[in-house]
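*Asks:* The file below is target-v9.tsv, TSV, C-alpha atoms and all ligand atoms:
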```tsv
chain	number	residue	atom	x	y	z
G	1306	MET	CA	0.00	0.00	0.00
G	1307	ASN	CA	1.19	3.55	-0.70
G	1308	LEU	CA	2.25	5.79	2.18
G	1309	LEU	CA	0.04	8.83	2.77
G	1310	LYS	CA	2.85	11.12	1.59
G	1311	ASP	CA	2.80	9.37	-1.82
G	1312	TYR	CA	-0.74	10.52	-2.64
G	1313	ASP	CA	-1.10	13.46	-5.01
G	1314	LEU	CA	-2.86	16.21	-3.07
G	1315	ASN	CA	-3.09	18.42	-6.15
G	1316	LEU	CA	-6.19	16.50	-7.27
G	1317	LYS	CA	-8.34	18.72	-5.03
G	1318	HIS	CA	-12.09	19.23	-5.22
G	1319	ARG	CA	-14.67	21.00	-3.07
G	1320	ALA	CA	-17.50	18.72	-2.01
G	1321	CYS	CA	-20.77	19.31	-0.20
G	1322	VAL	CA	-22.39	17.02	2.38
G	1323	LYS	CA	-25.72	16.05	0.80
G	1324	GLU	CA	-26.76	13.30	3.21
G	1325	LYS	CA	-25.52	11.98	6.49
G	1326	SER	CA	-26.92	9.06	8.42
G	1327	LEU	CA	-25.85	6.99	11.37
G	1328	ILE	CA	-25.58	3.37	10.26
G	1329	THR	CA	-24.92	2.00	13.72
G	1330	PRO	CA	-27.73	2.14	16.29
G	1331	ALA	CA	-27.83	5.37	18.32
G	1332	GLY	CA	-26.51	5.14	21.85
G	1333	THR	CA	-23.81	2.57	21.13
G	1334	ARG	CA	-20.11	3.33	21.51
G	1335	GLU	CA	-19.44	2.21	17.94
G	1336	GLU	CA	-20.37	5.06	15.60
G	1337	VAL	CA	-20.22	4.87	11.82
G	1338	GLN	CA	-21.69	7.56	9.60
G	1339	HIS	CA	-22.75	7.07	5.99
G	1340	ILE	CA	-21.88	10.36	4.30
G	1341	VAL	CA	-23.01	11.29	0.79
G	1342	LEU	CA	-20.89	13.93	-0.91
G	1343	GLU	CA	-21.51	15.91	-4.05
G	1344	VAL	CA	-18.39	17.07	-5.83
G	1345	LEU	CA	-18.76	20.76	-6.71
G	1346	GLY	CA	-17.33	22.81	-9.56
G	1347	ASN	CA	-16.70	21.97	-13.19
G	1348	GLU	CA	-13.44	20.05	-12.96
G	1349	PRO	CA	-13.84	16.50	-14.30
G	1350	PHE	CA	-14.53	13.98	-11.55
G	1351	ASP	CA	-15.11	10.32	-12.21
G	1352	TYR	CA	-14.66	7.32	-9.96
G	1353	THR	CA	-14.95	3.58	-10.16
G	1354	GLU	CA	-15.83	1.08	-7.47
G	1355	GLY	CA	-12.87	0.11	-5.25
G	1356	GLN	CA	-11.34	3.59	-5.32
G	1357	THR	CA	-10.63	5.87	-2.36
G	1358	ILE	CA	-10.83	9.60	-1.80
G	1359	GLY	CA	-8.71	11.75	0.47
G	1360	VAL	CA	-10.11	14.24	2.96
G	1361	ILE	CA	-8.12	17.31	3.97
G	1362	VAL	CA	-8.99	18.66	7.40
G	1363	PRO	CA	-8.33	22.39	7.64
G	1364	GLY	CA	-5.67	23.34	10.20
G	1365	PRO	CA	-4.08	24.50	12.38
G	1366	HIS	CA	-3.18	21.06	13.73
G	1367	GLU	CA	-1.07	19.88	16.62
G	1368	PHE	CA	2.70	19.74	16.11
G	1369	GLY	CA	2.43	22.43	13.39
G	1370	ASN	CA	1.10	20.05	10.72
G	1371	PRO	CA	-0.35	22.27	7.96
G	1372	THR	CA	-2.66	19.55	6.63
G	1373	HIS	CA	-4.28	16.49	8.09
G	1374	PHE	CA	-5.02	14.12	5.26
G	1375	ARG	CA	-6.75	10.74	5.54
G	1376	LEU	CA	-8.13	8.22	3.05
G	1377	TYR	CA	-11.66	6.81	2.87
G	1378	SER	CA	-12.97	4.04	0.60
G	1379	ILE	CA	-15.85	4.92	-1.66
G	1380	SER	CA	-18.86	2.88	-0.53
G	1381	SER	CA	-21.32	3.82	-3.27
G	1382	GLY	CA	-21.90	1.91	-6.46
G	1383	LYS	CA	-20.85	3.52	-9.70
G	1384	LYS	CA	-24.44	4.12	-10.82
G	1385	GLU	CA	-26.03	4.42	-7.39
G	1386	PHE	CA	-26.68	8.10	-7.95
G	1387	LYS	CA	-28.04	9.65	-11.13
G	1388	ASP	CA	-25.32	12.25	-10.87
G	1389	GLY	CA	-21.85	10.75	-11.35
G	1390	ARG	CA	-20.41	13.50	-9.13
G	1391	MET	CA	-22.07	12.00	-6.03
G	1392	LEU	CA	-20.44	9.35	-3.87
G	1393	SER	CA	-20.67	7.97	-0.37
G	1394	ILE	CA	-18.09	7.09	2.27
G	1395	SER	CA	-18.55	5.19	5.54
G	1396	VAL	CA	-16.67	6.78	8.41
G	1397	ARG	CA	-15.98	5.23	11.79
G	1398	ARG	CA	-15.49	7.80	14.57
G	1399	CYS	CA	-12.02	7.01	15.95
G	1400	PHE	CA	-10.58	7.56	19.39
G	1401	TYR	CA	-7.15	6.65	20.67
G	1402	ILE	CA	-5.32	6.74	23.97
G	1403	ASP	CA	-2.47	9.26	23.96
G	1404	ASP	CA	0.81	7.51	24.79
G	1405	TYR	CA	2.01	10.30	27.09
G	1406	SER	CA	-1.07	11.61	28.88
G	1407	GLY	CA	-3.02	8.35	28.84
G	1408	GLU	CA	-6.06	10.44	27.90
G	1409	GLU	CA	-8.60	9.49	25.28
G	1410	CYS	CA	-8.18	11.71	22.19
G	1411	LYS	CA	-10.29	12.12	19.10
G	1412	GLY	CA	-9.07	11.00	15.69
G	1413	VAL	CA	-8.84	14.24	13.68
G	1414	ALA	CA	-10.34	13.40	10.27
G	1415	SER	CA	-12.94	10.86	11.40
G	1416	ASN	CA	-14.34	13.22	14.06
G	1417	TYR	CA	-14.27	16.13	11.62
G	1418	LEU	CA	-16.29	14.10	9.10
G	1419	CYS	CA	-18.70	12.60	11.64
G	1420	ASP	CA	-19.45	16.08	13.05
G	1421	LEU	CA	-20.08	17.80	9.68
G	1422	PRO	CA	-23.56	19.31	9.31
G	1423	LEU	CA	-25.62	18.83	6.15
G	1424	GLY	CA	-24.62	21.34	3.50
G	1425	ALA	CA	-21.06	21.73	4.84
G	1426	GLU	CA	-18.34	22.11	2.21
G	1427	ILE	CA	-15.09	20.22	2.54
G	1428	THR	CA	-11.93	19.63	0.49
G	1429	ILE	CA	-11.46	16.16	-0.89
G	1430	THR	CA	-8.70	14.76	-3.09
G	1431	GLY	CA	-8.55	11.97	-5.63
G	1432	PRO	CA	-10.18	9.69	-6.49
G	1433	TYR	CA	-7.23	7.30	-6.15
G	1434	ALA	CA	-6.95	3.83	-7.60
G	1435	GLY	CA	-7.35	1.49	-4.67
G	1436	ALA	CA	-6.19	-2.02	-3.90
G	1437	PHE	CA	-9.46	-3.37	-5.28
G	1438	THR	CA	-10.74	-3.49	-8.82
G	1439	LEU	CA	-13.90	-5.18	-9.98
G	1440	PRO	CA	-13.22	-7.76	-12.71
G	1441	LYS	CA	-14.87	-6.92	-16.04
G	1442	ASP	CA	-15.79	-10.54	-16.78
G	1443	PRO	CA	-19.35	-11.15	-15.44
G	1444	ALA	CA	-18.45	-14.84	-15.04
G	1445	ALA	CA	-15.80	-13.97	-12.41
G	1446	ASN	CA	-16.37	-15.13	-8.82
G	1447	LEU	CA	-15.79	-12.71	-5.96
G	1448	LEU	CA	-14.78	-13.84	-2.48
G	1449	MET	CA	-14.96	-10.77	-0.25
G	1450	ILE	CA	-13.86	-11.06	3.36
G	1451	GLY	CA	-13.83	-8.19	5.81
G	1452	VAL	CA	-14.69	-6.47	9.07
G	1453	GLY	CA	-15.80	-2.97	10.09
G	1454	THR	CA	-15.60	-0.20	7.51
G	1455	GLY	CA	-13.78	-2.71	5.29
G	1456	ILE	CA	-17.33	-3.32	4.01
G	1457	ALA	CA	-17.23	-0.01	2.06
G	1458	PRO	CA	-15.61	-1.27	-1.19
G	1459	PHE	CA	-17.69	-4.47	-1.01
G	1460	ARG	CA	-20.92	-2.47	-0.80
G	1461	SER	CA	-19.72	-0.52	-3.82
G	1462	PHE	CA	-18.95	-3.75	-5.74
G	1463	VAL	CA	-22.27	-5.42	-4.91
G	1464	LYS	CA	-24.32	-2.33	-5.78
G	1465	THR	CA	-22.47	-1.92	-9.09
G	1466	ILE	CA	-22.76	-5.58	-10.08
G	1467	TYR	CA	-26.48	-5.90	-9.48
G	1468	LYS	CA	-27.38	-2.50	-10.90
G	1469	LYS	CA	-25.55	-3.42	-14.13
G	1470	SER	CA	-27.11	-6.88	-14.10
G	1471	ALA	CA	-30.63	-5.49	-13.66
G	1472	ARG	CA	-30.08	-3.14	-16.58
G	1473	ALA	CA	-28.65	-5.92	-18.77
G	1474	LYS	CA	-31.58	-8.23	-17.95
G	1475	ALA	CA	-34.13	-5.48	-18.69
G	1476	GLN	CA	-32.40	-4.74	-22.00
G	1477	ALA	CA	-32.43	-8.46	-22.93
G	1478	LYS	CA	-36.13	-8.64	-22.09
G	1479	THR	CA	-37.00	-5.71	-24.35
G	1480	GLU	CA	-35.02	-7.42	-27.11
G	1481	GLY	CA	-37.04	-10.61	-26.54
G	1482	LYS	CA	-33.98	-12.57	-25.31
G	1483	LYS	CA	-34.11	-15.02	-22.39
G	1484	SER	CA	-30.85	-13.90	-20.82
G	1485	SER	CA	-28.06	-11.39	-21.19
G	1486	SER	CA	-24.36	-12.12	-21.54
G	1487	LYS	CA	-23.73	-8.93	-19.54
G	1488	ALA	CA	-25.68	-10.06	-16.44
G	1489	TRP	CA	-23.41	-11.22	-13.57
G	1490	LYS	CA	-23.04	-15.02	-13.55
G	1491	GLY	CA	-20.12	-15.52	-11.19
G	1492	LYS	CA	-20.58	-16.29	-7.51
G	1493	VAL	CA	-20.50	-13.26	-5.23
G	1494	ARG	CA	-19.69	-14.30	-1.67
G	1495	LEU	CA	-19.39	-11.89	1.25
G	1496	PHE	CA	-17.93	-13.03	4.60
G	1497	TYR	CA	-18.37	-10.11	6.93
G	1498	GLY	CA	-17.70	-9.86	10.64
G	1499	GLY	CA	-18.46	-7.58	13.57
G	1500	LYS	CA	-18.03	-7.92	17.31
G	1501	SER	CA	-21.81	-7.91	17.63
G	1502	GLY	CA	-24.82	-7.67	15.32
G	1503	VAL	CA	-24.89	-3.86	15.56
G	1504	GLU	CA	-21.36	-3.67	14.22
G	1505	LEU	CA	-22.29	-5.40	10.98
G	1506	LEU	CA	-22.42	-2.24	8.90
G	1507	TYR	CA	-25.14	-2.06	6.23
G	1508	MET	CA	-26.08	-5.55	7.43
G	1509	ASN	CA	-27.73	-5.02	10.84
G	1510	ASP	CA	-31.35	-4.72	12.03
G	1511	HIS	CA	-31.06	-0.95	11.85
G	1512	VAL	CA	-29.80	-0.60	8.24
G	1513	ASN	CA	-29.62	-3.57	5.89
G	1514	ASP	CA	-28.62	-2.65	2.38
G	1515	PHE	CA	-27.75	-6.16	1.37
G	1516	THR	CA	-31.29	-7.59	1.79
G	1517	SER	CA	-32.07	-6.31	-1.73
G	1518	TYR	CA	-29.59	-8.83	-3.12
G	1519	TYR	CA	-30.52	-11.97	-1.17
G	1520	ASP	CA	-32.89	-12.95	-3.99
G	1521	GLU	CA	-30.07	-12.88	-6.53
G	1522	ASP	CA	-29.00	-16.47	-7.38
G	1523	THR	CA	-25.36	-15.45	-7.46
G	1524	PHE	CA	-25.19	-13.59	-4.12
G	1525	LYS	CA	-24.66	-15.01	-0.62
G	1526	ALA	CA	-23.59	-13.23	2.55
G	1527	PHE	CA	-22.24	-14.86	5.71
G	1528	ALA	CA	-22.13	-12.88	8.95
G	1529	ALA	CA	-19.61	-13.68	11.67
G	1530	LEU	CA	-19.73	-12.29	15.20
G	1531	SER	CA	-17.39	-12.38	18.17
G	1532	PRO	CA	-18.32	-15.25	20.50
G	1533	ARG	CA	-17.84	-12.94	23.52
G	1534	PRO	CA	-17.99	-9.30	22.38
G	1535	ALA	CA	-17.81	-7.87	25.93
G	1536	MET	CA	-14.50	-9.70	26.48
G	1537	ASN	CA	-13.05	-8.44	23.21
G	1538	HIS	CA	-12.83	-11.94	21.75
G	1539	PRO	CA	-11.84	-11.79	18.08
G	1540	ILE	CA	-14.54	-11.88	15.44
G	1541	ALA	CA	-15.01	-15.49	14.33
G	1542	LEU	CA	-14.56	-14.86	10.59
G	1543	ASP	CA	-12.16	-17.80	10.41
G	1544	ARG	CA	-14.78	-20.07	11.99
G	1545	LYS	CA	-17.43	-18.88	9.51
G	1546	ILE	CA	-15.06	-19.70	6.64
G	1547	GLU	CA	-14.34	-23.11	8.13
G	1548	GLU	CA	-18.08	-23.82	8.47
G	1549	ASN	CA	-18.35	-23.16	4.74
G	1550	ALA	CA	-15.03	-24.79	3.85
G	1551	ALA	CA	-16.27	-26.79	0.85
G	1552	GLU	CA	-17.79	-23.74	-0.81
G	1553	VAL	CA	-14.78	-21.50	-0.06
G	1554	TRP	CA	-12.29	-24.08	-1.28
G	1555	GLU	CA	-14.23	-24.64	-4.50
G	1556	LEU	CA	-14.02	-20.90	-5.09
G	1557	LEU	CA	-10.30	-20.78	-4.31
G	1558	GLU	CA	-9.70	-23.62	-6.76
G	1559	SER	CA	-11.39	-21.74	-9.59
G	1560	PRO	CA	-9.15	-19.61	-11.84
G	1561	LYS	CA	-12.11	-17.25	-12.17
G	1562	THR	CA	-12.10	-16.32	-8.48
G	1563	HIS	CA	-10.86	-12.96	-7.18
G	1564	VAL	CA	-10.25	-12.67	-3.41
G	1565	TYR	CA	-10.49	-9.41	-1.50
G	1566	LEU	CA	-9.62	-8.92	2.19
G	1567	ALA	CA	-10.52	-5.62	3.88
G	1568	GLY	CA	-10.53	-4.16	7.36
G	1569	LEU	CA	-8.22	-4.52	10.31
G	1570	ASP	CA	-4.77	-6.04	9.86
G	1571	LYS	CA	-5.23	-8.07	13.05
G	1572	MET	CA	-7.71	-10.30	11.20
G	1573	ALA	CA	-5.00	-11.48	8.76
G	1574	PRO	CA	-3.17	-14.13	10.89
G	1575	ASN	CA	-6.37	-16.04	11.72
G	1576	LEU	CA	-7.43	-16.01	8.09
G	1577	GLU	CA	-3.99	-17.27	7.04
G	1578	LYS	CA	-4.40	-20.17	9.49
G	1579	VAL	CA	-7.82	-21.17	8.21
G	1580	PHE	CA	-6.74	-20.94	4.56
G	1581	ALA	CA	-3.68	-23.10	5.32
G	1582	LYS	CA	-6.04	-25.64	6.89
G	1583	LEU	CA	-8.21	-25.66	3.77
G	1584	ALA	CA	-5.14	-25.99	1.53
G	1585	GLY	CA	-3.76	-28.90	3.58
G	1586	SER	CA	-0.58	-27.14	4.73
G	1587	GLU	CA	0.95	-23.73	5.26
G	1588	SER	CA	3.33	-24.18	2.31
G	1589	ALA	CA	0.56	-25.35	-0.06
G	1590	TRP	CA	-1.45	-22.28	0.93
G	1591	GLN	CA	1.47	-19.89	0.32
G	1592	VAL	CA	1.95	-21.32	-3.20
G	1593	LYS	CA	-1.76	-20.95	-3.95
G	1594	LYS	CA	-1.93	-17.41	-2.60
G	1595	GLU	CA	1.15	-16.33	-4.56
G	1596	THR	CA	-0.37	-17.75	-7.75
G	1597	MET	CA	-3.55	-15.75	-7.17
G	1598	ARG	CA	-1.54	-12.63	-6.32
G	1599	SER	CA	0.62	-12.94	-9.44
G	1600	GLU	CA	-2.51	-13.36	-11.55
G	1601	GLY	CA	-4.03	-10.22	-10.00
G	1602	ARG	CA	-6.70	-12.24	-8.21
G	1603	TRP	CA	-5.67	-11.54	-4.60
G	1604	ALA	CA	-5.98	-8.08	-3.02
G	1605	GLU	CA	-5.77	-6.80	0.55
G	1606	LEU	CA	-6.74	-3.49	2.11
G	1607	PHE	CA	-5.85	-3.37	5.81
G	1608	TYR	CA	-5.73	-0.22	7.93
O	1701	LIG	C1	-6.72	2.88	1.85
O	1701	LIG	C2	-7.47	3.26	3.13
O	1701	LIG	C3	-8.85	3.27	3.14
O	1701	LIG	C4	-9.52	3.62	4.31
O	1701	LIG	N1	-10.89	3.59	4.32
O	1701	LIG	C5	-11.58	3.93	5.42
O	1701	LIG	C6	-13.01	3.89	5.44
O	1701	LIG	O1	-13.67	3.54	4.45
O	1701	LIG	N2	-13.63	4.25	6.60
O	1701	LIG	C7	-12.94	4.62	7.73
O	1701	LIG	O2	-13.59	4.94	8.76
O	1701	LIG	N3	-11.58	4.64	7.74
O	1701	LIG	C8	-10.89	4.33	6.62
O	1701	LIG	N4	-9.52	4.37	6.63
O	1701	LIG	C9	-8.83	4.88	7.84
O	1701	LIG	C10	-8.78	6.44	7.78
O	1701	LIG	O3	-7.96	6.83	6.69
O	1701	LIG	C11	-8.19	7.06	9.03
O	1701	LIG	O4	-6.96	6.46	9.31
O	1701	LIG	C12	-9.09	6.95	10.27
O	1701	LIG	O5	-10.35	7.57	10.02
O	1701	LIG	C13	-8.42	7.65	11.46
O	1701	LIG	O6	-8.06	8.95	11.08
O	1701	LIG	P1	-8.24	10.20	12.07
O	1701	LIG	O7	-7.68	11.41	11.42
O	1701	LIG	O8	-9.64	10.26	12.60
O	1701	LIG	O9	-7.36	9.78	13.29
O	1701	LIG	P2	-5.87	10.31	13.60
O	1701	LIG	O10	-5.97	11.65	14.19
O	1701	LIG	O11	-5.00	10.12	12.43
O	1701	LIG	O12	-5.50	9.25	14.69
O	1701	LIG	C14	-5.53	7.90	14.29
O	1701	LIG	C15	-4.43	7.10	14.91
O	1701	LIG	O13	-3.24	7.84	14.95
O	1701	LIG	C16	-2.53	7.52	16.10
O	1701	LIG	N5	-2.24	8.75	16.87
O	1701	LIG	C17	-2.38	9.99	16.38
O	1701	LIG	N6	-1.95	10.90	17.31
O	1701	LIG	C18	-1.58	10.18	18.39
O	1701	LIG	C19	-1.06	10.53	19.67
O	1701	LIG	N7	-0.87	11.81	20.04
O	1701	LIG	N8	-0.76	9.54	20.54
O	1701	LIG	C20	-0.96	8.27	20.20
O	1701	LIG	N9	-1.44	7.86	18.99
O	1701	LIG	C21	-1.74	8.81	18.11
O	1701	LIG	C22	-3.35	6.57	16.85
O	1701	LIG	O14	-2.85	5.27	16.57
O	1701	LIG	C23	-4.71	6.71	16.32
O	1701	LIG	O15	-5.42	5.51	16.36
O	1701	LIG	C24	-8.82	4.00	5.48
O	1701	LIG	C25	-7.43	3.98	5.46
O	1701	LIG	C26	-6.75	3.62	4.30
O	1701	LIG	C27	-5.24	3.62	4.34
```
What does this structure look like when you write it as structure tokens?
*Replies:*
Amino acid sequence: MNLLKDYDLNLKHRACVKEKSLITPAGTREEVQHIVLEVLGNEPFDYTEGQTIGVIVPGPHEFGNPTHFRLYSISSGKKEFKDGRMLSISVRRCFYIDDYSGEECKGVASNYLCDLPLGAEITITGPYAGAFTLPKDPAANLLMIGVGTGIAPFRSFVKTIYKKSARAKAQAKTEGKKSSSKAWKGKVRLFYGGKSGVELLYMNDHVNDFTSYYDEDTFKAFAALSPRPAMNHPIALDRKIEENAAEVWELLESPKTHVYLAGLDKMAPNLEKVFAKLAGSESAWQVKKETMRSEGRWAELFY
């Protein structure tokens, strides 16, 4: 992954907050806001699913930093809005414990974004090519595995796929055809984890965006929770994968499968272990993973 200093901050745009909604239940410590931005001005702006934008928080900042710049994955589908200059991001309000004072401090960009009122204007940068790209071949399989706001690019993928598919099917129907070669035929599998049900973003009782796709033959979502959320036990994504080992392995064996991992880097070791188990050994798994990586079918986005 690029370092923050490698991103081109000259690609600046003004953007206006058009919508803002809490996608975690009110009153819980975990707060994630779904923020819809409209890019202002006449400069060209075009994004594809899997890309990120930067947000520049106006200073002054501590330690004399002139700019505070952070990246956010685009969570909207390419055609989710009629206007191609609209996009959404999903922002988790961050806190951290200061090493010296031991006090709880607010993450600068995430709190700035979560506190923005409707109509506020901000400076964004990008869009930047991300770690994830959606394969063009509608016969490709997608295996998406993630936690927390790692769901953002997956939401963007799923929305894009099924919007395009619906359009292709409607077009085929008007042409009197039974099916369309452009409709998505590959398997789309989402393994998504949260410490508790409320932390399953876009997939909880409060907001469930994915229900619209459960009727699609090609789509399946698997939710994993922490067995003991109050005790900070890790989210059992690995267990969920193991429970569905046959299906996951069949996907990993297919040369048409693209794997995407997104979220917290601490989820990686457990996933490595479960994949090694499926592959039969650690070394067999490493060979398989490297093959997928070299063929551009393995991508990770951890932060
Ligand atoms: C490619 C990419 C995509 C991303 N996508 C998303 C997304 O879709 N949604 C999302 O919510 N986030 C996303 N992030 C994370 C996001 O960019 C920010 O890192 C996050 O919001 C925290 O930024 P902040 O400015 O609020 O916090 P900061 O102010 O940068 O603080 C964050 C961290 O900095 C450290 N820190 C800073 N100052 C101190 C201090 N004085 N003492 C101790 N520690 C300190 C702490 O570790 C703290 O946890 C993404 C990151 C990347 C790289």
*Asks:* May I ask you to write as a count of residues only all residues lying at most 8 Å from ligand LIG 1701 (chain O), with only C-alpha atoms and all ligand atoms counted?
*Replies:* 43
*Asks:* How far is it from atom CA of G:Leu1314 to atom CA of G:Thr1430, in Å with one decimal?
*Replies:*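 According to the coordinates, atom CA of G:Leu1314 and atom CA of G:Thr1430 are separated by 6.0 Å.
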*Asks:* Contacts of stretch 1510-1514 of chain G at 9 Å or less, counting only C-alpha atoms, minus same-chain residues fewer than 6 places along, as a list in words?
*Replies:* Ile1328, Thr1329, Pro1330, Arg1460, Gly1502 and Val1503 of chain G
*Asks:* Choose the residue, out of G:Leu1495, G:Val1362, G:Ala1584, G:Ala1471, that has the smallest atom-to-atom separation from G:Lys1545; count all atoms listed in the file.
*Replies:*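 For G:Lys1545, the nearest of the candidates is G:Leu1495.
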*Asks:* Could you tell me how far atom CA of G:Lys1384 sits from atom CA of G:Ala1488, in Å to one decimal place?
*Replies:*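 Computing it gives 15.3 Å between the two atoms.
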*Asks:* Nearest to G:Leu1505: which of G:Lys1383, G:Glu1552, G:Ala1434, G:Glu1335 is it, counting only C-alpha atoms?
*Replies:*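 Counting only C-alpha atoms, the residue closest to G:Leu1505 is G:Glu1335.
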*Asks:* Hey, which of G:Lys1487, G:Lys1317, G:His1366, G:Lys1469 ends up closest to G:Ala1444? Count only C-alpha atoms.
*Replies:*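 Residue with the minimum atom-to-atom distance to G:Ala1444: G:Lys1487.
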*Asks:* Calculate how many Å separate atom CA of G:Pro1365 from atom CA of G:Thr1428, rounding to one decimal.
*Replies:* 15.1 Å
*Asks:* Name the residues in contact with G:Ala1526 at a cut-off of 12 Å, using all atoms listed in the file, excluding same-chain residues fewer than 5 positions from it; report them as a PyMOL selection string.
*Replies:* chain G and resi 1447-1451+1456+1459-1460+1463+1492-1498+1505+1507-1508+1513-1521+1545-1546+1549
*Asks:* Give the answer as one residue: which of G:Ala1320, G:Ser1393, G:Val1360, G:Ile1540 has the shortest atom-to-atom distance to G:Glu1348, using all atoms listed in the file?
*Replies:* G:Ala1320
*Asks:* Which residue is closest to G:Leu1423? Choose from G:Lys1323, G:Ile1340, G:Asn1575, G:Ala1550 and count only C-alpha atoms.
*Replies:*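 That would be G:Lys1323, the residue with the smallest distance to G:Leu1423.
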*Asks:* Neighbours of G:Ile1466 within 9 Å (only C-alpha atoms; same-chain residues fewer than 6 positions away dropped), as a list in words?
*Replies:* Gly1382, Leu1439, Pro1443, Ala1488 and Trp1489 of chain G
*Asks:* Given 8 Å of margin on each side, can you work out the centre and size in Å (one decimal) of an axis-aligned box holding every listed atom of stretch 1465-1480 of chain G, as JSON?
*Replies:*
```
{"center_x": -29.7, "center_y": -5.3, "center_z": -18.1, "size_x": 30.5, "size_y": 22.7, "size_z": 34.0}
```
*Asks:* Do a neighbour search on G:Glu1343 at 12 Å with only C-alpha atoms, toss out local chain neighbours closer than 4 positions, and write the hits as a PyMOL selection string.
*Replies:* chain G and resi 1318-1325+1347+1350-1351+1386-1394+1423-1429
